[in-house]
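This is run17.cif (mmCIF, C-alpha atoms and all ligand atoms).
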```cif
data_data
loop_
_atom_site.label_atom_id
_atom_site.label_comp_id
_atom_site.auth_asym_id
_atom_site.auth_seq_id
_atom_site.Cartn_x
_atom_site.Cartn_y
_atom_site.Cartn_z
CA MET A 30 102.52 116.97 76.00
CA SER A 31 104.42 116.57 72.79
CA VAL A 32 107.38 118.78 72.01
CA ARG A 33 107.58 120.14 68.48
CA PRO A 34 110.96 119.99 66.73
CA SER A 35 112.48 123.09 65.16
CA GLN A 36 110.60 124.52 62.17
CA ARG A 37 113.11 123.28 59.62
CA VAL A 38 112.89 119.73 60.99
CA TRP A 39 109.10 119.96 61.20
CA ASN A 40 108.97 120.90 57.51
CA LEU A 41 111.21 118.07 56.32
CA ALA A 42 109.66 115.62 53.87
CA PRO A 43 110.74 111.99 54.23
CA VAL A 44 113.19 110.68 51.63
CA ALA A 45 112.29 107.38 49.98
CA HIS A 46 114.92 104.75 49.23
CA GLY A 47 114.93 101.37 47.52
CA SER A 48 114.56 97.91 49.02
CA ILE A 49 111.44 96.50 50.65
CA SER A 50 110.47 96.81 54.29
CA GLU A 51 109.55 93.93 56.59
CA ALA A 52 106.10 95.50 56.92
CA GLU A 53 105.50 95.47 53.16
CA LEU A 54 106.76 91.89 52.89
CA ALA A 55 104.32 90.86 55.62
CA SER A 56 101.47 92.68 53.87
CA ILE A 57 101.99 90.68 50.66
CA GLY A 58 102.75 87.44 52.52
CA LEU A 59 106.26 86.93 51.18
CA ALA A 60 109.53 86.16 52.99
CA ARG A 61 112.57 88.23 52.03
CA SER A 62 114.15 85.13 50.52
CA GLU A 63 111.20 84.83 48.11
CA VAL A 64 111.84 88.24 46.54
CA ILE A 65 114.64 89.11 44.12
CA ASP A 66 115.53 92.68 44.98
CA PHE A 67 116.29 94.80 41.91
CA SER A 68 115.42 97.99 43.80
CA VAL A 69 118.92 98.48 45.23
CA ASN A 70 121.95 98.92 42.98
CA ALA A 71 124.62 96.72 44.51
CA ASN A 72 127.27 94.23 43.41
CA PRO A 73 125.24 91.35 41.91
CA LEU A 74 127.69 88.76 43.25
CA GLY A 75 127.29 89.87 46.85
CA PRO A 76 130.26 90.62 49.11
CA SER A 77 133.72 89.17 48.61
CA PRO A 78 134.18 86.00 50.72
CA ALA A 79 137.34 87.65 52.08
CA ALA A 80 135.26 90.58 53.36
CA VAL A 81 132.76 88.23 54.97
CA ALA A 82 135.59 86.39 56.74
CA ALA A 83 137.22 89.65 57.87
CA ALA A 84 133.91 90.91 59.25
CA ALA A 85 133.42 87.69 61.20
CA ALA A 86 136.92 87.93 62.69
CA ALA A 87 136.85 91.67 63.45
CA PRO A 88 137.33 92.64 67.10
CA TRP A 89 134.44 94.75 68.37
CA SER A 90 134.80 94.52 72.13
CA HIS A 91 136.77 97.79 72.15
CA TYR A 92 136.20 101.08 70.37
CA PRO A 93 137.11 101.21 66.69
CA ASP A 94 140.04 103.28 65.46
CA ASP A 95 138.26 106.63 65.12
CA ALA A 96 140.83 107.79 62.57
CA ALA A 97 140.37 104.54 60.55
CA THR A 98 144.04 104.90 59.66
CA GLU A 99 144.61 101.54 57.98
CA LEU A 100 141.51 101.84 55.82
CA ARG A 101 142.27 105.44 54.88
CA ARG A 102 145.85 104.44 54.01
CA ALA A 103 144.53 101.73 51.68
CA LEU A 104 142.08 104.14 50.04
CA ALA A 105 144.68 106.88 49.70
CA GLY A 106 147.09 104.40 48.10
CA ARG A 107 144.47 103.21 45.65
CA ASP A 108 143.43 106.71 44.62
CA GLY A 109 146.90 108.28 44.64
CA VAL A 110 146.24 110.91 47.34
CA ASP A 111 147.63 111.56 50.82
CA ILE A 112 145.93 110.11 53.92
CA PRO A 113 144.74 113.54 55.17
CA GLU A 114 142.84 113.85 51.89
CA VAL A 115 140.62 110.88 52.76
CA VAL A 116 137.77 110.81 55.24
CA VAL A 117 135.60 107.74 55.87
CA GLY A 118 131.97 107.70 56.91
CA ASN A 119 129.09 105.52 58.00
CA GLY A 120 128.07 105.04 54.39
CA SER A 121 128.50 107.82 51.87
CA ALA A 122 125.11 109.08 53.11
CA GLU A 123 126.79 110.22 56.34
CA LEU A 124 129.44 112.12 54.38
CA LEU A 125 126.78 113.93 52.34
CA TRP A 126 125.14 115.06 55.56
CA LEU A 127 128.49 116.14 57.02
CA LEU A 128 129.24 118.15 53.89
CA ALA A 129 125.99 120.08 54.26
CA LEU A 130 126.59 120.53 57.98
CA ALA A 131 130.12 121.82 57.47
CA PHE A 132 129.60 123.94 54.34
CA VAL A 133 126.01 125.17 54.09
CA ASP A 134 124.95 127.89 56.51
CA ALA A 135 121.31 128.77 57.17
CA GLY A 136 119.89 130.72 54.25
CA GLU A 137 122.59 129.67 51.79
CA THR A 138 121.72 127.90 48.56
CA ALA A 139 122.75 124.44 47.45
CA LEU A 140 122.22 123.63 43.81
CA VAL A 141 121.16 120.05 43.11
CA VAL A 142 121.28 118.58 39.62
CA GLY A 143 118.12 116.47 39.45
CA PRO A 144 116.13 114.36 39.32
CA THR A 145 118.46 112.63 41.75
CA PHE A 146 119.17 110.99 45.13
CA GLY A 147 117.04 112.67 47.79
CA GLU A 148 119.61 113.05 50.55
CA TYR A 149 121.36 116.10 49.02
CA ALA A 150 118.20 118.15 49.45
CA ARG A 151 117.38 116.72 52.86
CA ALA A 152 120.90 117.32 54.22
CA THR A 153 120.79 120.90 52.92
CA ARG A 154 117.41 121.60 54.50
CA ILE A 155 118.50 120.18 57.85
CA THR A 156 121.23 122.80 58.04
CA GLY A 157 118.71 125.53 57.16
CA GLY A 158 119.96 125.84 53.59
CA GLN A 159 117.78 126.39 50.53
CA VAL A 160 117.66 123.91 47.67
CA HIS A 161 117.67 125.03 44.06
CA GLU A 162 117.09 122.09 41.74
CA HIS A 163 118.16 122.12 38.13
CA ARG A 164 116.08 119.38 36.54
CA ALA A 165 117.07 117.47 33.43
CA ALA A 166 114.17 116.66 31.11
CA PRO A 167 112.83 113.32 29.85
CA ALA A 168 112.69 114.80 26.35
CA ASP A 169 116.52 115.04 26.48
CA ASP A 170 116.82 111.47 27.85
CA PHE A 171 117.67 113.34 31.08
CA ALA A 172 120.99 114.53 29.62
CA VAL A 173 122.23 117.44 31.73
CA ARG A 174 122.53 120.77 29.93
CA VAL A 175 125.74 121.85 31.60
CA PRO A 176 125.77 125.48 30.35
CA ASP A 177 122.32 125.92 31.96
CA VAL A 178 123.58 124.48 35.23
CA VAL A 179 126.64 126.72 35.11
CA ALA A 180 124.37 129.75 34.61
CA GLU A 181 122.14 128.68 37.51
CA VAL A 182 125.10 128.26 39.82
CA ARG A 183 126.09 131.81 38.97
CA ASN A 184 122.58 133.27 39.20
CA THR A 185 121.66 131.61 42.49
CA GLY A 186 125.00 132.38 44.13
CA ALA A 187 125.02 128.75 45.26
CA ARG A 188 127.48 127.89 48.02
CA VAL A 189 127.66 124.23 47.05
CA ALA A 190 126.51 122.14 44.10
CA PHE A 191 125.66 118.46 44.34
CA VAL A 192 126.17 116.37 41.22
CA CYS A 193 125.60 112.63 41.19
CA ASN A 194 127.90 111.07 38.58
CA PRO A 195 126.70 108.69 37.20
CA ASN A 196 123.32 109.95 38.26
CA ASN A 197 120.81 107.98 40.27
CA PRO A 198 118.21 107.25 38.85
CA THR A 199 118.76 108.54 35.29
CA GLY A 200 122.11 106.82 34.62
CA THR A 201 123.60 109.87 32.87
CA LEU A 202 127.31 110.66 33.19
CA LEU A 203 129.02 114.06 33.05
CA ALA A 204 132.45 114.35 31.49
CA ARG A 205 135.48 115.68 33.34
CA GLU A 206 135.31 119.01 31.39
CA ASP A 207 131.71 119.47 32.54
CA LEU A 208 132.75 119.05 36.16
CA ASP A 209 135.66 121.41 35.57
CA ASN A 210 133.28 124.06 34.25
CA LEU A 211 131.03 123.69 37.26
CA ALA A 212 133.92 123.90 39.71
CA THR A 213 135.07 127.11 38.02
CA MET A 214 131.71 128.67 38.86
CA LEU A 215 132.19 127.95 42.58
CA PRO A 216 135.39 129.82 43.47
CA HIS A 217 134.18 130.31 47.04
CA GLY A 218 132.13 127.16 47.33
CA LEU A 219 132.29 123.43 46.86
CA LEU A 220 131.44 121.11 43.98
CA ILE A 221 130.33 117.83 45.56
CA VAL A 222 130.51 114.95 43.10
CA ASP A 223 128.79 111.81 44.35
CA GLU A 224 130.47 108.89 42.64
CA ALA A 225 128.58 106.12 44.47
CA TYR A 226 128.21 104.10 41.26
CA ARG A 227 131.54 104.97 39.63
CA GLN A 228 132.93 101.44 39.83
CA PHE A 229 130.18 100.13 37.58
CA VAL A 230 130.87 102.62 34.78
CA ASP A 231 132.83 101.08 31.92
CA ASP A 232 135.02 104.08 31.21
CA PRO A 233 134.61 106.57 34.08
CA PRO A 234 136.07 110.07 33.76
CA ARG A 235 139.36 110.55 35.61
CA THR A 236 138.10 112.81 38.36
CA ALA A 237 140.92 112.60 40.94
CA PRO A 238 142.85 115.48 39.25
CA LEU A 239 139.87 117.74 40.01
CA LEU A 240 140.96 117.63 43.65
CA ASP A 241 143.87 119.93 42.75
CA ARG A 242 141.36 122.72 42.21
CA GLY A 243 140.81 122.91 45.98
CA ASN A 244 137.00 123.16 45.80
CA VAL A 245 135.97 119.68 44.67
CA VAL A 246 134.94 116.74 46.85
CA LEU A 247 134.56 113.23 45.45
CA VAL A 248 132.17 111.15 47.55
CA ARG A 249 132.32 107.41 47.10
CA SER A 250 130.36 104.55 48.53
CA LEU A 251 131.82 101.18 49.45
CA THR A 252 128.40 99.63 50.04
CA LYS A 253 127.39 99.24 46.38
CA ASP A 254 130.54 98.00 44.67
CA TYR A 255 131.56 95.79 47.59
CA ALA A 256 128.00 94.82 48.63
CA LEU A 257 128.32 95.98 52.26
CA PRO A 258 125.09 97.98 52.65
CA GLY A 259 124.31 96.67 56.13
CA LEU A 260 127.80 97.51 57.39
CA ARG A 261 127.63 101.15 56.19
CA LEU A 262 130.88 102.38 54.68
CA GLY A 263 131.84 105.22 52.38
CA TYR A 264 134.60 107.76 51.89
CA ALA A 265 135.34 111.16 50.48
CA LEU A 266 138.43 112.45 48.72
CA ALA A 267 138.95 116.16 49.23
CA PRO A 268 141.63 118.74 50.00
CA ALA A 269 142.94 118.19 53.54
CA PRO A 270 141.22 121.30 55.02
CA VAL A 271 137.87 120.07 53.69
CA CYS A 272 138.48 116.64 55.23
CA ALA A 273 139.40 118.32 58.52
CA ALA A 274 136.10 120.22 58.46
CA LEU A 275 134.18 117.00 57.86
CA ASP A 276 136.04 115.32 60.71
CA ALA A 277 135.18 118.24 62.95
CA VAL A 278 131.45 117.54 62.59
CA ARG A 279 131.59 113.74 62.33
CA PRO A 280 130.12 111.84 65.28
CA PRO A 281 132.84 109.86 67.06
CA TRP A 282 133.45 106.25 65.97
CA SER A 283 130.89 106.51 63.19
CA VAL A 284 132.67 103.79 61.20
CA ASN A 285 132.59 100.67 63.33
CA ALA A 286 135.34 98.08 63.65
CA VAL A 287 133.53 95.42 61.61
CA ALA A 288 132.99 97.80 58.69
CA GLN A 289 136.64 98.91 58.78
CA ALA A 290 137.89 95.30 58.70
CA ALA A 291 135.47 94.20 55.96
CA GLY A 292 136.23 97.30 53.89
CA LEU A 293 139.96 96.66 54.00
CA ALA A 294 139.52 93.03 52.95
CA ALA A 295 137.09 94.01 50.18
CA LEU A 296 139.55 96.53 48.76
CA ARG A 297 142.23 93.84 48.57
CA ASP A 298 139.96 91.46 46.62
CA ASP A 299 139.94 93.31 43.34
CA ALA A 300 139.27 90.14 41.33
CA HIS A 301 135.84 89.85 42.96
CA LEU A 302 134.96 93.39 41.91
CA GLN A 303 136.18 92.79 38.36
CA ARG A 304 133.95 89.69 38.10
CA ALA A 305 130.99 91.77 39.29
CA ARG A 306 131.74 94.52 36.77
CA ALA A 307 131.79 91.96 33.95
CA GLU A 308 128.45 90.52 35.12
CA VAL A 309 126.90 94.00 35.26
CA ARG A 310 128.10 94.65 31.71
CA ARG A 311 126.47 91.42 30.46
CA ALA A 312 123.27 92.09 32.42
CA ARG A 313 123.02 95.66 31.07
CA THR A 314 123.17 94.51 27.46
CA TYR A 315 120.78 91.61 28.00
CA LEU A 316 118.15 93.46 30.04
CA ALA A 317 118.15 96.72 28.07
CA THR A 318 117.60 94.75 24.86
CA ALA A 319 114.95 92.42 26.32
CA LEU A 320 112.92 95.30 27.78
CA ALA A 321 113.21 97.47 24.66
CA ASP A 322 112.08 94.46 22.60
CA ARG A 323 108.94 94.49 24.75
CA GLY A 324 108.20 98.06 23.75
CA LEU A 325 109.43 99.71 26.95
CA ARG A 326 111.45 102.93 26.93
CA VAL A 327 114.88 102.10 28.38
CA LEU A 328 117.00 105.19 29.01
CA PRO A 329 120.68 105.04 28.02
CA ALA A 330 122.50 103.73 31.11
CA LYS A 331 126.11 104.25 32.17
CA ALA A 332 125.77 102.71 35.64
CA ASN A 333 124.53 99.45 37.16
CA PHE A 334 120.84 100.24 36.89
CA LEU A 335 118.29 101.00 34.17
CA LEU A 336 115.62 103.68 34.21
CA VAL A 337 112.61 102.30 32.38
CA GLY A 338 109.43 104.07 31.31
CA VAL A 339 106.47 101.83 32.19
CA GLY A 340 103.53 104.23 32.34
CA ASN A 341 102.67 103.79 36.02
CA GLY A 342 105.71 102.87 38.12
CA SER A 343 103.75 102.14 41.28
CA ALA A 344 101.29 99.78 39.55
CA VAL A 345 104.07 97.97 37.72
CA ARG A 346 106.12 97.62 40.90
CA ALA A 347 103.09 96.12 42.68
CA ALA A 348 102.41 93.71 39.83
CA LEU A 349 106.06 92.61 39.72
CA LEU A 350 106.07 92.06 43.48
CA GLY A 351 103.29 89.55 42.89
CA GLN A 352 105.89 87.68 40.81
CA GLY A 353 108.53 87.90 43.54
CA ILE A 354 110.42 90.75 41.84
CA CYS A 355 111.07 94.09 43.55
CA VAL A 356 111.94 97.17 41.47
CA ARG A 357 112.19 100.83 42.51
CA ASP A 358 109.11 102.92 41.84
CA CYS A 359 110.53 106.31 40.82
CA ALA A 360 107.60 108.47 42.00
CA SER A 361 109.72 109.86 44.84
CA PHE A 362 112.16 111.21 42.23
CA GLY A 363 109.20 113.01 40.62
CA LEU A 364 109.14 110.34 37.91
CA PRO A 365 105.91 108.40 38.50
CA GLY A 366 106.01 106.88 35.01
CA TYR A 367 109.30 105.07 35.59
CA VAL A 368 110.88 102.23 37.51
CA ARG A 369 114.58 101.81 38.24
CA ILE A 370 116.01 98.33 37.91
CA GLY A 371 119.36 97.49 39.55
CA LEU A 372 121.38 95.10 37.39
CA ARG A 373 121.78 91.66 38.93
CA THR A 374 123.13 88.44 37.44
CA VAL A 375 121.96 87.49 33.96
CA PRO A 376 119.91 84.48 35.24
CA GLU A 377 118.18 86.81 37.72
CA CYS A 378 117.52 89.32 34.93
CA GLU A 379 115.97 86.47 32.93
CA ARG A 380 113.61 85.89 35.87
CA LEU A 381 112.68 89.57 35.75
CA VAL A 382 111.95 89.43 32.03
CA ALA A 383 109.74 86.36 32.55
CA ALA A 384 107.89 88.31 35.26
CA VAL A 385 107.41 91.26 32.89
CA ASP A 386 105.73 88.84 30.46
CA ALA A 387 103.28 87.66 33.14
CA PRO A 388 99.66 88.70 32.40
CA ASP A 389 99.27 90.83 35.57
CA VAL A 390 102.39 92.83 34.78
CA GLN A 391 101.46 93.22 31.12
CA HIS A 392 98.06 94.39 32.30
CA ALA A 393 99.67 97.03 34.56
CA ILE A 394 101.86 98.24 31.70
CA GLY A 395 99.02 98.05 29.18
CA ALA A 396 96.59 99.92 31.45
CA ALA A 397 98.96 102.87 31.54
CA ARG A 398 99.51 102.73 27.80
CA GLY A 399 95.82 103.28 27.54
C1 LIG B 1 123.65 108.30 44.61
C2 LIG B 1 123.78 107.74 45.97
N1 LIG B 1 124.67 108.28 46.80
C3 LIG B 1 124.82 107.80 48.05
C4 LIG B 1 124.07 106.76 48.50
C5 LIG B 1 124.27 106.28 49.90
O1 LIG B 1 124.92 105.05 49.90
P1 LIG B 1 125.69 104.52 51.17
O2 LIG B 1 125.37 105.41 52.31
O3 LIG B 1 125.21 103.13 51.36
O4 LIG B 1 127.15 104.58 50.81
C6 LIG B 1 123.13 106.15 47.67
C7 LIG B 1 122.30 105.03 48.15
O5 LIG B 1 121.35 104.62 47.57
C8 LIG B 1 122.98 106.67 46.36
O6 LIG B 1 122.11 106.14 45.50
#
```
Would you mind writing the structure in this file as structure tokens?
Amino acid sequence: MSVRPSQRVWNLAPVAHGSISEAELASIGLARSEVIDFSVNANPLGPSPAAVAAAAAAPWSHYPDDAATELRRALAGRDGVDIPEVVVGNGSAELLWLLALAFVDAGETALVVGPTFGEYARATRITGGQVHEHRAAPADDFAVRVPDVVAEVRNTGARVAFVCNPNNPTGTLLAREDLDNLATMLPHGLLIVDEAYRQFVDDPPRTAPLLDRGNVVLVRSLTKDYALPGLRLGYALAPAPVCAALDAVRPPWSVNAVAQAAGLAALRDDAHLQRARAEVRRARTYLATALADRGLRVLPAKANFLLVGVGNGSAVRAALLGQGICVRDCASFGLPGYVRIGLRTVPECERLVAAVDAPDVQHAIGAARG
């Protein structure tokens, strides 16, 4: 006899993410080492050697510090806030779930500015909340019409609003005033700003002062900028009572000892991050130009990935995989005509451009063009 989960779990749709599974690799007969993975948006230089060494030396034969005090102290110092205003999580994905759990009651509405990362909607639905998506349009290059969002927050009576800034997968960036306007519309709710890709933006808005409003949470990942995706590490900056609420629903020891040690070492190696940022800047210019020269629509990009119109994202992804290149098919974002390409080193981007020129890939692009 099989037991059915609760209705809201039963109704959940799976959320797709980047990368390539072992099963798919086996089906195309390639080893992971034979594929260059542009489908995740992480530091192109990999982790700092200091973080790798710290992870190897980390003690894990006893429980980790559940309060992650040393790591939170380092983050608080870097961002100019007090330690109680920092909470760490098992990746920023965990913090997004905890925010929904702690702040969205059954029947309440969360507004999501889309198309965007799928976990905001999933987390909301798990708690029994309703999702209202405001969707930016391709005709506007996916620029967000903030006055429309502000009106929708008001009209839906949303309890929380999720904004990804810069946005995955469109690469658009809202200014500090835009976020201010949104926060004003949520006097009894929370504006959740996911800044997972902030470190790769050349001139990011200064968002920390928004915390003084009392209803803004800044969620940040440490897995992208410091290339620690397998260790799972993220944090949120928020008023202390918000952090306390997140801690109240956080599973114990969710940030393990190895992740805490590697995170601390990564934070101290700022030179590594700066090198990665410079490489991303070079790769962005090179790749956006090379793809546009080939007649593809490359959306303006503020982060470390490009959204590219290719006609049929799934067919182009499959054709590129045949060349040992993995990109993100954007169908799960409701954008089947696009792929998202994470910026890697310039030589790797040159390999991608050569793959785009391959006859099979040109055929996939050309077939969609008609
Ligand atoms: C916008 C955004 N936020 C959060 C996450 C979660 O990242 P992590 O849990 O590795 O910190 C991702 C991962 O792809 C993302 O794209």
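Distances from A:Leu262, A:Ala384, A:Ala87, A:Ala237 to ligand LIG 1 (chain B) were compared using only C-alpha atoms and all ligand atoms, and the smallest one belongs to A:Leu262.
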Q: Compile the contact shell of stretch 181-196 of chain A as a list in words: residues with an atom at most 6 Å away, counting only C-alpha atoms, same-chain residues fewer than 4 positions apart removed.
A: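 Counting only the stated atoms, we get Thr138, Ala139, Leu140, Val141, Val142, Gly200, Thr201, Leu202, Gly218, Leu219, Leu220, Ile221, Val222, Asp223 and Glu224 of chain A.
Take the candidates A:Arg369, A:Arg37, A:His392, A:Arg323 and check each one against A:Thr156 using all atoms listed in the file; the shortest distance goes to A:Arg37.
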Q: Please extract the residues at most 8 Å from ligand LIG 1 (chain B), counting only C-alpha atoms and all ligand atoms, and provide them as a VMD selection string, using the chain letters and residue numbers of this document.
A: chain A and resid 46 to 47 69 to 70 119 to 123 125 145 to 146 148 193 to 194 196 to 198 223 to 226 249 to 253 257 to 258 261 to 263
Q: For stretch 351-355 of chain A, please output as number ranges by chain all residues within 6 Å (counting only C-alpha atoms; exclusion window: fewer than 5 positions along the same chain).
A: A: 64-68, 384
Write the selection just made, keeping C-alpha atoms, as a short mmCIF file (atom, residue, chain, number, x, y, z; two decimals), in the coordinates of the input?
```
data_model
loop_
_atom_site.label_atom_id
_atom_site.label_comp_id
_atom_site.auth_asym_id
_atom_site.auth_seq_id
_atom_site.Cartn_x
_atom_site.Cartn_y
_atom_site.Cartn_z
CA VAL A 64 111.84 88.24 46.54
CA ILE A 65 114.64 89.11 44.12
CA ASP A 66 115.53 92.68 44.98
CA PHE A 67 116.29 94.80 41.91
CA SER A 68 115.42 97.99 43.80
CA ALA A 384 107.89 88.31 35.26
#
```
Q) Closest to A:Cys272 among A:Ala305, A:Leu127, A:Leu320, A:Val178, using all atoms listed in the file? A)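 Closest to A:Cys272, using all atoms listed in the file: A:Leu127.
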Q. If you measure from atom CA of A:Glu308 to atom CA of A:Thr374, what distance in Å do you get, rounded to one decimal?
A.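 Calculated distance between atom CA of A:Glu308 and atom CA of A:Thr374 is 6.2 Å.
The closest residue to A:Arg101, picked from A:Ala83, A:Val284, A:Ala347, A:Ala321 and counting all atoms listed in the file, is A:Val284.
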Q: Select, counting all atoms listed in the file, all protein, DNA and RNA residues no farther than 8 Å from (139.4, 110.7, 64.7) in file coordinates, and express the selection as a PyMOL selection string.
A: chain A and resi 94-97+276+281-282
Q. Atom CA of A:Val345 and atom CA of A:Ile370, how far apart in Å?
A. 11.9 Å
**Q.** For atom CA of A:Thr199 and atom CA of A:Leu364, the interatomic separation in Å (one decimal)
**A.** 10.1 Å
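Distances to A:Asn285 were evaluated for A:Val117, A:Ala71, A:Leu215, A:Val44 using all atoms listed in the file, and the minimum falls at A:Val117.
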Q: Name the closest residue to A:Arg306 among the candidates A:Ser283, A:Ser77, A:Ser31, A:Asn333; distances are taken between atoms, counting only C-alpha atoms.
A: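 Between A:Ser283, A:Ser77, A:Ser31, A:Asn333, the residue approaching A:Arg306 most closely is A:Asn333.
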Q. Within 8 Å of A:Ala312, counting only C-alpha atoms, which residues qualify if same-chain residues fewer than 2 places away don't, as an MDAnalysis selection string?
A. chainID A and resid 308:310 314:316 372:375 378
